[in-house]
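Below is the file protein16.pdb, which contains PDB, C-alpha atoms and all ligand atoms.
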ATOM      1  CA  MET A   1       0.000   0.000   0.000  1.00  0.00           C
ATOM      2  CA  GLY A   2       1.329   3.506  -0.860  1.00  0.00           C
ATOM      3  CA  LYS A   3       2.445   5.915   1.872  1.00  0.00           C
ATOM      4  CA  GLY A   4      -0.349   8.388   1.024  1.00  0.00           C
ATOM      5  CA  LYS A   5      -3.007   5.729   1.524  1.00  0.00           C
ATOM      6  CA  LEU A   6      -1.456   4.644   4.832  1.00  0.00           C
ATOM      7  CA  ILE A   7      -1.572   8.242   6.109  1.00  0.00           C
ATOM      8  CA  LYS A   8      -5.217   8.592   5.042  1.00  0.00           C
ATOM      9  CA  PHE A   9      -6.158   5.309   6.732  1.00  0.00           C
ATOM     10  CA  ALA A  10      -4.414   6.410   9.937  1.00  0.00           C
ATOM     11  CA  GLU A  11      -6.319   9.729   9.837  1.00  0.00           C
ATOM     12  CA  LEU A  12      -9.590   7.894   9.298  1.00  0.00           C
ATOM     13  CA  GLU A  13      -9.110   6.023  12.590  1.00  0.00           C
ATOM     14  CA  HIS A  14      -9.434   9.335  14.459  1.00  0.00           C
ATOM     15  CA  ASN A  15     -11.985  11.127  12.303  1.00  0.00           C
ATOM     16  CA  PRO A  16     -15.019  11.752  14.540  1.00  0.00           C
ATOM     17  CA  ILE A  17     -17.524  11.594  11.664  1.00  0.00           C
ATOM     18  CA  VAL A  18     -16.254   8.260  10.261  1.00  0.00           C
ATOM     19  CA  PHE A  19     -17.316   4.887  11.679  1.00  0.00           C
ATOM     20  CA  GLN A  20     -15.224   2.000  10.408  1.00  0.00           C
ATOM     21  CA  LYS A  21     -16.481  -1.533  10.870  1.00  0.00           C
ATOM     22  CA  ASN A  22     -17.866  -0.493  14.248  1.00  0.00           C
ATOM     23  CA  PRO A  23     -21.645  -0.210  14.685  1.00  0.00           C
ATOM     24  CA  VAL A  24     -21.492   1.565  18.058  1.00  0.00           C
ATOM     25  CA  LEU A  25     -24.287   4.010  17.186  1.00  0.00           C
ATOM     26  CA  LYS A  26     -27.027   1.516  16.329  1.00  0.00           C
ATOM     27  CA  GLY A  27     -30.293   3.157  17.400  1.00  0.00           C
ATOM     28  CA  LYS A  28     -28.410   6.220  18.664  1.00  0.00           C
ATOM     29  CA  TRP A  29     -27.430   8.152  15.530  1.00  0.00           C
ATOM     30  CA  ASN A  30     -29.810  11.050  16.185  1.00  0.00           C
ATOM     31  CA  SER A  31     -29.427  11.208  19.965  1.00  0.00           C
ATOM     32  CA  ASP A  32     -25.675  10.602  20.313  1.00  0.00           C
ATOM     33  CA  PHE A  33     -24.125  11.725  17.023  1.00  0.00           C
ATOM     34  CA  PHE A  34     -26.328  14.304  15.285  1.00  0.00           C
ATOM     35  CA  LYS A  35     -27.734  15.493  18.641  1.00  0.00           C
ATOM     36  CA  ARG A  36     -31.160  16.232  17.166  1.00  0.00           C
ATOM     37  CA  GLU A  37     -34.208  14.376  15.865  1.00  0.00           C
ATOM     38  CA  ALA A  38     -34.272  14.542  12.058  1.00  0.00           C
ATOM     39  CA  PRO A  39     -34.865  12.174   9.125  1.00  0.00           C
ATOM     40  CA  ILE A  40     -31.829  10.015   8.313  1.00  0.00           C
ATOM     41  CA  ILE A  41     -31.031   9.620   4.620  1.00  0.00           C
ATOM     42  CA  LEU A  42     -28.441   7.104   3.472  1.00  0.00           C
ATOM     43  CA  GLU A  43     -26.246   7.118   0.394  1.00  0.00           C
ATOM     44  CA  LEU A  44     -24.939   3.626  -0.383  1.00  0.00           C
ATOM     45  CA  ALA A  45     -21.772   3.089  -2.460  1.00  0.00           C
ATOM     46  CA  CYS A  46     -21.175   6.759  -1.734  1.00  0.00           C
ATOM     47  CA  GLY A  47     -17.578   6.817  -3.022  1.00  0.00           C
ATOM     48  CA  LYS A  48     -16.355  10.359  -2.374  1.00  0.00           C
ATOM     49  CA  GLY A  49     -19.755  11.182  -0.898  1.00  0.00           C
ATOM     50  CA  ASP A  50     -20.929  13.617  -3.567  1.00  0.00           C
ATOM     51  CA  TYR A  51     -24.640  12.977  -3.082  1.00  0.00           C
ATOM     52  CA  THR A  52     -24.382  12.871   0.698  1.00  0.00           C
ATOM     53  CA  LEU A  53     -22.525  16.196   0.787  1.00  0.00           C
ATOM     54  CA  GLY A  54     -24.684  17.828  -1.895  1.00  0.00           C
ATOM     55  CA  MET A  55     -27.942  16.895  -0.181  1.00  0.00           C
ATOM     56  CA  ALA A  56     -26.602  17.837   3.263  1.00  0.00           C
ATOM     57  CA  ARG A  57     -25.860  21.354   1.997  1.00  0.00           C
ATOM     58  CA  LEU A  58     -29.233  21.686   0.255  1.00  0.00           C
ATOM     59  CA  PHE A  59     -31.292  20.254   3.123  1.00  0.00           C
ATOM     60  CA  PRO A  60     -29.685  21.157   6.464  1.00  0.00           C
ATOM     61  CA  GLU A  61     -32.868  19.997   8.213  1.00  0.00           C
ATOM     62  CA  ASN A  62     -32.022  16.326   7.437  1.00  0.00           C
ATOM     63  CA  ASN A  63     -29.242  14.042   8.690  1.00  0.00           C
ATOM     64  CA  TYR A  64     -27.138  12.242   6.047  1.00  0.00           C
ATOM     65  CA  ILE A  65     -24.935   9.155   6.198  1.00  0.00           C
ATOM     66  CA  GLY A  66     -22.763   7.874   3.333  1.00  0.00           C
ATOM     67  CA  MET A  67     -21.521   4.285   3.263  1.00  0.00           C
ATOM     68  CA  ASP A  68     -18.758   2.673   1.238  1.00  0.00           C
ATOM     69  CA  ILE A  69     -16.083   0.062   1.796  1.00  0.00           C
ATOM     70  CA  LYS A  70     -13.193   2.037   0.275  1.00  0.00           C
ATOM     71  CA  GLY A  71     -11.216   3.956   2.889  1.00  0.00           C
ATOM     72  CA  ASN A  72      -9.528   6.437   0.571  1.00  0.00           C
ATOM     73  CA  ARG A  73     -12.881   7.513  -0.901  1.00  0.00           C
ATOM     74  CA  ILE A  74     -14.431   7.892   2.561  1.00  0.00           C
ATOM     75  CA  TRP A  75     -11.374   9.956   3.561  1.00  0.00           C
ATOM     76  CA  SER A  76     -12.054  12.379   0.648  1.00  0.00           C
ATOM     77  CA  ALA A  77     -15.746  12.583   1.586  1.00  0.00           C
ATOM     78  CA  ALA A  78     -15.009  13.299   5.258  1.00  0.00           C
ATOM     79  CA  ARG A  79     -12.432  15.952   4.340  1.00  0.00           C
ATOM     80  CA  LEU A  80     -14.996  17.804   2.220  1.00  0.00           C
ATOM     81  CA  ALA A  81     -17.580  17.589   5.005  1.00  0.00           C
ATOM     82  CA  ALA A  82     -15.060  19.384   7.243  1.00  0.00           C
ATOM     83  CA  VAL A  83     -14.205  21.975   4.557  1.00  0.00           C
ATOM     84  CA  HIS A  84     -17.896  22.820   4.223  1.00  0.00           C
ATOM     85  CA  GLN A  85     -18.430  22.658   8.004  1.00  0.00           C
ATOM     86  CA  LEU A  86     -21.341  20.267   7.659  1.00  0.00           C
ATOM     87  CA  SER A  87     -22.664  19.050  11.000  1.00  0.00           C
ATOM     88  CA  ASN A  88     -25.423  16.882   9.497  1.00  0.00           C
ATOM     89  CA  VAL A  89     -23.122  14.308   7.859  1.00  0.00           C
ATOM     90  CA  ALA A  90     -21.464  11.032   8.896  1.00  0.00           C
ATOM     91  CA  PHE A  91     -19.799   8.200   7.006  1.00  0.00           C
ATOM     92  CA  ILE A  92     -19.658   4.451   7.538  1.00  0.00           C
ATOM     93  CA  ARG A  93     -16.851   2.379   6.093  1.00  0.00           C
ATOM     94  CA  ASP A  94     -18.158  -1.168   5.865  1.00  0.00           C
ATOM     95  CA  GLN A  95     -19.882  -3.678   3.590  1.00  0.00           C
ATOM     96  CA  ILE A  96     -23.414  -2.612   2.701  1.00  0.00           C
ATOM     97  CA  ASP A  97     -24.887  -6.018   3.546  1.00  0.00           C
ATOM     98  CA  LYS A  98     -24.042  -5.202   7.187  1.00  0.00           C
ATOM     99  CA  LEU A  99     -26.466  -2.247   7.205  1.00  0.00           C
ATOM    100  CA  ASP A 100     -28.750  -3.864   9.770  1.00  0.00           C
ATOM    101  CA  GLU A 101     -25.836  -3.992  12.239  1.00  0.00           C
ATOM    102  CA  TYR A 102     -25.773  -0.161  12.125  1.00  0.00           C
ATOM    103  CA  PHE A 103     -29.509   0.637  12.127  1.00  0.00           C
ATOM    104  CA  ARG A 104     -32.661  -0.605  13.838  1.00  0.00           C
ATOM    105  CA  PRO A 105     -35.866  -1.336  11.922  1.00  0.00           C
ATOM    106  CA  GLY A 106     -37.376   1.932  10.689  1.00  0.00           C
ATOM    107  CA  ASP A 107     -34.334   4.124  11.462  1.00  0.00           C
ATOM    108  CA  ILE A 108     -33.833   5.135   7.812  1.00  0.00           C
ATOM    109  CA  ASP A 109     -36.132   7.472   5.884  1.00  0.00           C
ATOM    110  CA  GLU A 110     -34.659   7.171   2.385  1.00  0.00           C
ATOM    111  CA  ILE A 111     -31.818   5.450   0.522  1.00  0.00           C
ATOM    112  CA  TRP A 112     -29.856   6.710  -2.476  1.00  0.00           C
ATOM    113  CA  ILE A 113     -27.759   4.300  -4.560  1.00  0.00           C
ATOM    114  CA  THR A 114     -25.576   6.312  -6.907  1.00  0.00           C
ATOM    115  CA  PHE A 115     -23.671   4.777  -9.812  1.00  0.00           C
ATOM    116  CA  SER A 116     -23.028   1.494  -8.054  1.00  0.00           C
ATOM    117  CA  ASP A 117     -20.991  -1.100  -9.952  1.00  0.00           C
ATOM    118  CA  PRO A 118     -23.137  -3.094 -12.423  1.00  0.00           C
ATOM    119  CA  PHE A 119     -21.047  -6.285 -11.990  1.00  0.00           C
ATOM    120  CA  PRO A 120     -21.793  -7.415 -15.585  1.00  0.00           C
ATOM    121  CA  ARG A 121     -20.962 -11.119 -15.225  1.00  0.00           C
ATOM    122  CA  ASP A 122     -24.072 -13.233 -14.530  1.00  0.00           C
ATOM    123  CA  GLY A 123     -22.173 -15.001 -11.760  1.00  0.00           C
ATOM    124  CA  ASP A 124     -21.744 -11.651  -9.981  1.00  0.00           C
ATOM    125  CA  ALA A 125     -25.448 -10.641 -10.014  1.00  0.00           C
ATOM    126  CA  LYS A 126     -25.646 -11.116  -6.236  1.00  0.00           C
ATOM    127  CA  ARG A 127     -23.131  -8.278  -5.805  1.00  0.00           C
ATOM    128  CA  ARG A 128     -25.413  -5.743  -7.523  1.00  0.00           C
ATOM    129  CA  LEU A 129     -26.850  -3.420  -4.894  1.00  0.00           C
ATOM    130  CA  THR A 130     -30.413  -3.914  -6.150  1.00  0.00           C
ATOM    131  CA  HIS A 131     -30.254  -7.712  -5.912  1.00  0.00           C
ATOM    132  CA  THR A 132     -32.987  -9.133  -3.637  1.00  0.00           C
ATOM    133  CA  LYS A 133     -30.215 -10.079  -1.212  1.00  0.00           C
ATOM    134  CA  PHE A 134     -29.581  -6.346  -0.660  1.00  0.00           C
ATOM    135  CA  LEU A 135     -33.241  -5.257  -0.936  1.00  0.00           C
ATOM    136  CA  ASP A 136     -34.017  -7.607   1.973  1.00  0.00           C
ATOM    137  CA  VAL A 137     -31.437  -5.757   4.090  1.00  0.00           C
ATOM    138  CA  TYR A 138     -32.797  -2.330   3.048  1.00  0.00           C
ATOM    139  CA  ARG A 139     -36.326  -3.457   3.994  1.00  0.00           C
ATOM    140  CA  LYS A 140     -35.055  -4.236   7.507  1.00  0.00           C
ATOM    141  CA  VAL A 141     -33.847  -0.671   8.199  1.00  0.00           C
ATOM    142  CA  LEU A 142     -36.202   1.534   6.139  1.00  0.00           C
ATOM    143  CA  LYS A 143     -39.319   3.171   7.542  1.00  0.00           C
ATOM    144  CA  PRO A 144     -42.466   1.633   5.999  1.00  0.00           C
ATOM    145  CA  GLY A 145     -42.866   3.236   2.566  1.00  0.00           C
ATOM    146  CA  GLY A 146     -39.338   4.720   2.656  1.00  0.00           C
ATOM    147  CA  LEU A 147     -38.106   5.585  -0.830  1.00  0.00           C
ATOM    148  CA  ILE A 148     -35.103   4.041  -2.586  1.00  0.00           C
ATOM    149  CA  HIS A 149     -33.500   6.122  -5.367  1.00  0.00           C
ATOM    150  CA  VAL A 150     -31.194   4.544  -7.939  1.00  0.00           C
ATOM    151  CA  LYS A 151     -29.150   6.640 -10.365  1.00  0.00           C
ATOM    152  CA  THR A 152     -27.027   4.782 -12.913  1.00  0.00           C
ATOM    153  CA  ASP A 153     -25.404   4.931 -16.330  1.00  0.00           C
ATOM    154  CA  SER A 154     -25.679   1.151 -16.681  1.00  0.00           C
ATOM    155  CA  ASP A 155     -28.424  -0.292 -18.913  1.00  0.00           C
ATOM    156  CA  LEU A 156     -27.733  -3.650 -17.340  1.00  0.00           C
ATOM    157  CA  LEU A 157     -28.238  -2.426 -13.760  1.00  0.00           C
ATOM    158  CA  TYR A 158     -31.305  -0.366 -14.746  1.00  0.00           C
ATOM    159  CA  GLN A 159     -33.016  -3.324 -16.499  1.00  0.00           C
ATOM    160  CA  PHE A 160     -31.904  -5.766 -13.804  1.00  0.00           C
ATOM    161  CA  THR A 161     -33.410  -3.530 -11.098  1.00  0.00           C
ATOM    162  CA  LYS A 162     -36.730  -3.263 -12.954  1.00  0.00           C
ATOM    163  CA  GLU A 163     -36.866  -7.044 -13.391  1.00  0.00           C
ATOM    164  CA  ILE A 164     -36.070  -7.625  -9.710  1.00  0.00           C
ATOM    165  CA  LEU A 165     -38.861  -5.195  -8.773  1.00  0.00           C
ATOM    166  CA  THR A 166     -41.428  -7.189 -10.780  1.00  0.00           C
ATOM    167  CA  GLU A 167     -40.556 -10.212  -8.610  1.00  0.00           C
ATOM    168  CA  THR A 168     -40.432  -8.302  -5.296  1.00  0.00           C
ATOM    169  CA  PRO A 169     -43.342  -6.714  -3.407  1.00  0.00           C
ATOM    170  CA  SER A 170     -42.650  -3.112  -4.395  1.00  0.00           C
ATOM    171  CA  GLU A 171     -43.961  -0.067  -6.222  1.00  0.00           C
ATOM    172  CA  ILE A 172     -42.053   1.976  -8.812  1.00  0.00           C
ATOM    173  CA  ILE A 173     -42.753   5.675  -8.200  1.00  0.00           C
ATOM    174  CA  LYS A 174     -40.549   7.229 -10.915  1.00  0.00           C
ATOM    175  CA  ASP A 175     -38.764   5.743 -13.904  1.00  0.00           C
ATOM    176  CA  TYR A 176     -36.618   8.100 -16.001  1.00  0.00           C
ATOM    177  CA  PRO A 177     -34.739   6.240 -18.761  1.00  0.00           C
ATOM    178  CA  ASP A 178     -32.848   9.427 -19.752  1.00  0.00           C
ATOM    179  CA  VAL A 179     -32.665  11.998 -16.949  1.00  0.00           C
ATOM    180  CA  TYR A 180     -31.148  14.771 -19.089  1.00  0.00           C
ATOM    181  CA  ALA A 181     -33.278  14.314 -22.226  1.00  0.00           C
ATOM    182  CA  MET A 182     -36.330  14.418 -19.939  1.00  0.00           C
ATOM    183  CA  GLY A 183     -35.091  17.610 -18.216  1.00  0.00           C
ATOM    184  CA  LYS A 184     -35.203  15.896 -14.814  1.00  0.00           C
ATOM    185  CA  ASN A 185     -31.751  16.657 -13.411  1.00  0.00           C
ATOM    186  CA  ASP A 186     -32.894  19.658 -11.373  1.00  0.00           C
ATOM    187  CA  GLU A 187     -35.565  17.488  -9.804  1.00  0.00           C
ATOM    188  CA  LEU A 188     -32.714  15.215  -8.630  1.00  0.00           C
ATOM    189  CA  TYR A 189     -31.157  18.304  -7.010  1.00  0.00           C
ATOM    190  CA  GLY A 190     -28.699  18.788  -9.897  1.00  0.00           C
ATOM    191  CA  ILE A 191     -26.039  16.826  -8.032  1.00  0.00           C
ATOM    192  CA  GLN A 192     -23.499  15.021 -10.234  1.00  0.00           C
ATOM    193  CA  THR A 193     -21.181  12.502  -8.609  1.00  0.00           C
ATOM    194  CA  TYR A 194     -17.578  11.862  -9.595  1.00  0.00           C
ATOM    195  CA  TYR A 195     -18.643   8.802 -11.608  1.00  0.00           C
ATOM    196  CA  GLU A 196     -21.621  10.563 -13.171  1.00  0.00           C
ATOM    197  CA  GLN A 197     -19.344  13.295 -14.504  1.00  0.00           C
ATOM    198  CA  MET A 198     -17.073  10.659 -16.071  1.00  0.00           C
ATOM    199  CA  HIS A 199     -20.032   8.881 -17.673  1.00  0.00           C
ATOM    200  CA  LEU A 200     -21.424  12.153 -19.043  1.00  0.00           C
ATOM    201  CA  LYS A 201     -18.054  12.887 -20.703  1.00  0.00           C
ATOM    202  CA  ASP A 202     -18.417   9.489 -22.417  1.00  0.00           C
ATOM    203  CA  ASN A 203     -21.923  10.522 -23.597  1.00  0.00           C
ATOM    204  CA  ARG A 204     -23.582   7.806 -21.560  1.00  0.00           C
ATOM    205  CA  THR A 205     -27.297   8.046 -20.766  1.00  0.00           C
ATOM    206  CA  ILE A 206     -28.146   8.571 -17.101  1.00  0.00           C
ATOM    207  CA  LYS A 207     -31.119   6.639 -15.758  1.00  0.00           C
ATOM    208  CA  TYR A 208     -33.091   7.014 -12.517  1.00  0.00           C
ATOM    209  CA  LEU A 209     -35.536   4.830 -10.650  1.00  0.00           C
ATOM    210  CA  CYS A 210     -37.430   5.653  -7.467  1.00  0.00           C
ATOM    211  CA  PHE A 211     -39.312   2.863  -5.726  1.00  0.00           C
ATOM    212  CA  ARG A 212     -40.586   1.649  -2.383  1.00  0.00           C
ATOM    213  CA  LEU A 213     -40.545  -1.854  -0.978  1.00  0.00           C
ATOM    214  CA  LYS A 214     -43.699  -3.398   0.467  1.00  0.00           C
TER     215      LYS A 214
HETATM  216  C1  LIG A 301     -18.556   3.118  -9.214  1.00  0.00           C
HETATM  217  S1  LIG A 301     -18.269   3.645  -7.582  1.00  0.00           S
HETATM  218  C2  LIG A 301     -19.462   4.959  -7.398  1.00  0.00           C
HETATM  219  C3  LIG A 301     -19.089   5.929  -6.325  1.00  0.00           C
HETATM  220  C4  LIG A 301     -20.002   7.168  -6.195  1.00  0.00           C
HETATM  221  N1  LIG A 301     -21.358   6.810  -5.849  1.00  0.00           N
HETATM  222  C5  LIG A 301     -19.983   7.994  -7.446  1.00  0.00           C
HETATM  223  O1  LIG A 301     -20.998   7.997  -8.166  1.00  0.00           O
HETATM  224  O2  LIG A 301     -18.989   8.660  -7.702  1.00  0.00           O
HETATM  225  C6  LIG A 301     -19.019   2.332  -6.677  1.00  0.00           C
HETATM  226  C7  LIG A 301     -18.685   2.314  -5.197  1.00  0.00           C
HETATM  227  O3  LIG A 301     -19.415   1.267  -4.572  1.00  0.00           O
HETATM  228  C8  LIG A 301     -18.635   0.723  -3.527  1.00  0.00           C
HETATM  229  N2  LIG A 301     -19.196  -0.616  -3.226  1.00  0.00           N
HETATM  230  C9  LIG A 301     -19.536  -1.574  -4.115  1.00  0.00           C
HETATM  231  N3  LIG A 301     -20.059  -2.638  -3.487  1.00  0.00           N
HETATM  232  C10 LIG A 301     -20.033  -2.347  -2.149  1.00  0.00           C
HETATM  233  C11 LIG A 301     -20.437  -3.037  -0.970  1.00  0.00           C
HETATM  234  N4  LIG A 301     -20.989  -4.248  -1.029  1.00  0.00           N
HETATM  235  N5  LIG A 301     -20.275  -2.440   0.222  1.00  0.00           N
HETATM  236  C12 LIG A 301     -19.713  -1.194   0.303  1.00  0.00           C
HETATM  237  N6  LIG A 301     -19.317  -0.486  -0.777  1.00  0.00           N
HETATM  238  C13 LIG A 301     -19.482  -1.043  -1.988  1.00  0.00           C
HETATM  239  C14 LIG A 301     -17.230   0.739  -4.073  1.00  0.00           C
HETATM  240  O4  LIG A 301     -16.277   0.714  -3.036  1.00  0.00           O
HETATM  241  C15 LIG A 301     -17.215   2.045  -4.886  1.00  0.00           C
HETATM  242  O5  LIG A 301     -16.716   3.134  -4.141  1.00  0.00           O
END
Show the structure stored in the file as structure tokens.
Amino acid sequence: MGKGKLIKFAELEHNPIVFQKNPVLKGKWNSDFFKREAPIILELACGKGDYTLGMARLFPENNYIGMDIKGNRIWSAARLAAVHQLSNVAFIRDQIDKLDEYFRPGDIDEIWITFSDPFPRDGDAKRRLTHTKFLDVYRKVLKPGGLIHVKTDSDLLYQFTKEILTETPSEIIKDYPDVYAMGKNDELYGIQTYYEQMHLKDNRTIKYLCFRLK
């Protein structure tokens, strides 16, 4: 591992807004960390936390938590949260299938999944974040009727998610096959993640689904 990464990982250990493989705040996020009662909105596969940070700035009345397994990306996200002096943001570094170790049933108001890896090989379908294996975990922590938002450039992930939803008790609320052609980006708060910007440079079509699990 490079020296830069080692320094970042050491800094992460002491960052008060980063929780690494340690679900100490289960059921206590609002009371012990955010110190106020407010809706908690999660961004999964948050990478450098662009959606988490963007939404936290736009909606200071909500509490936001980004989750990803990659330490260097979480380090970048936490640094920006400090630069912008955001007190309504935290980050979890862990595997997303461990979500129910961090939250009680009904703790989460909404989930955003932004540009998660499509894992194109059939044998890897279980790693896609909209596989039923993951939806079952999201159902455990979401409030009844809590919305899940998926933004992706991947046709495969978009179609896969729609197919999964036909087999899962759920309701699709919004389905935008081309966010920009439909003039819907402002509705999605105009936030573009690091990966979205790369995909737009490659002229890829950005898709969005909003659904709830039943
Ligand atoms: C393509 S990147 C997208 C990052 C960011 N959302 C963006 O749009 O810039 C996908 C991210 O998902 C994370 N990821 C994939 N599967 C994961 C899992 N099971 N648990 C935690 N993180 C995961 C990766 O570490 C990576 O940072």
Given the PyMOL selection byres (((chain A and resi 136) around 12) and not hetatm), the residues it picks as a PyMOL selection string = chain A and resi 96-100+105+129-135+137-142+164+168-170+213-214
Near-ligand residues for ligand LIG 301 (chain A), threshold 8 Å, all atoms listed in the file, as a PyMOL selection string | chain A and resi 43-51+67-70+73+93-97+113-117+127-129+192-196
Name the residues captured by the PyMOL selection byres (((chain A and resi 151) around 10) and not hetatm) when it is applied to the shown file; answer as a list in words.
-> Trp112, Ile113, Thr114, Phe115, Ser116, His149, Val150, Thr152, Asp153, Ser154, Leu157, Tyr158, Tyr176, Val179, Leu188, Glu196, Ile206, Lys207, Tyr208, Leu209 and Cys210 of chain A
Quote the spacing between CA of Glu187 in chain A and CA of Ile41 in chain A in Å to one decimal place.
->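 One can read the CA of Glu187 in chain A to CA of Ile41 in chain A distance as 17.0 Å.
Across the structure, CA of Lys26 in chain A and CA of Arg104 in chain A are spaced 6.5 Å apart.
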Work out how far CA of Pro23 in chain A is from CA of Glu101 in chain A, in Å to one decimal.
->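 Computing the Euclidean distance for CA of Glu101 in chain A and CA of Pro23 in chain A yields 6.2 Å.
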Padded axis-aligned box of range 179-192 of chain A (4 Å per side), centre and edge lengths, Å, one decimal, as JSON:
{"center_x": -29.9, "center_y": 15.8, "center_z": -14.6, "size_x": 20.8, "size_y": 15.7, "size_z": 23.2}
For the structure shown, which residues end up in the PyMOL selection byres (((chain A and resi 77) around 10) and not hetatm)? Put them as a list of chain:residue names, please?
->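 After applying the PyMOL selection byres (((chain A and resi 77) around 10) and not hetatm), what remains is A:Val18, A:Cys46, A:Gly47, A:Lys48, A:Gly49, A:Asp50, A:Thr52, A:Leu53, A:Gly66, A:Gly71, A:Asn72, A:Arg73, A:Ile74, A:Trp75, A:Ser76, A:Ala78, A:Arg79, A:Leu80, A:Ala81, A:Ala82, A:Val83, A:Val89, A:Ala90, A:Phe91.
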May I ask which of the residues A:Leu156, A:Ile148, A:Met1, A:Met55 is the closest one to Pro120 in chain A, counting all atoms listed in the file?
->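 Answer, going by the shortest atom-to-atom distance: A:Leu156.
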Of the candidates A:Ala10, A:Ile173, A:Leu42, A:Leu25, which one gets nearest to Ala56 in chain A if we count all atoms listed in the file?
->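 Result for the nearest residue to Ala56 in chain A: A:Leu42.
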Between A:Asp32, A:His199, A:Gly54, A:Tyr102, which is the closest to Gln20 in chain A once you count all atoms listed in the file?
-> A:Tyr102
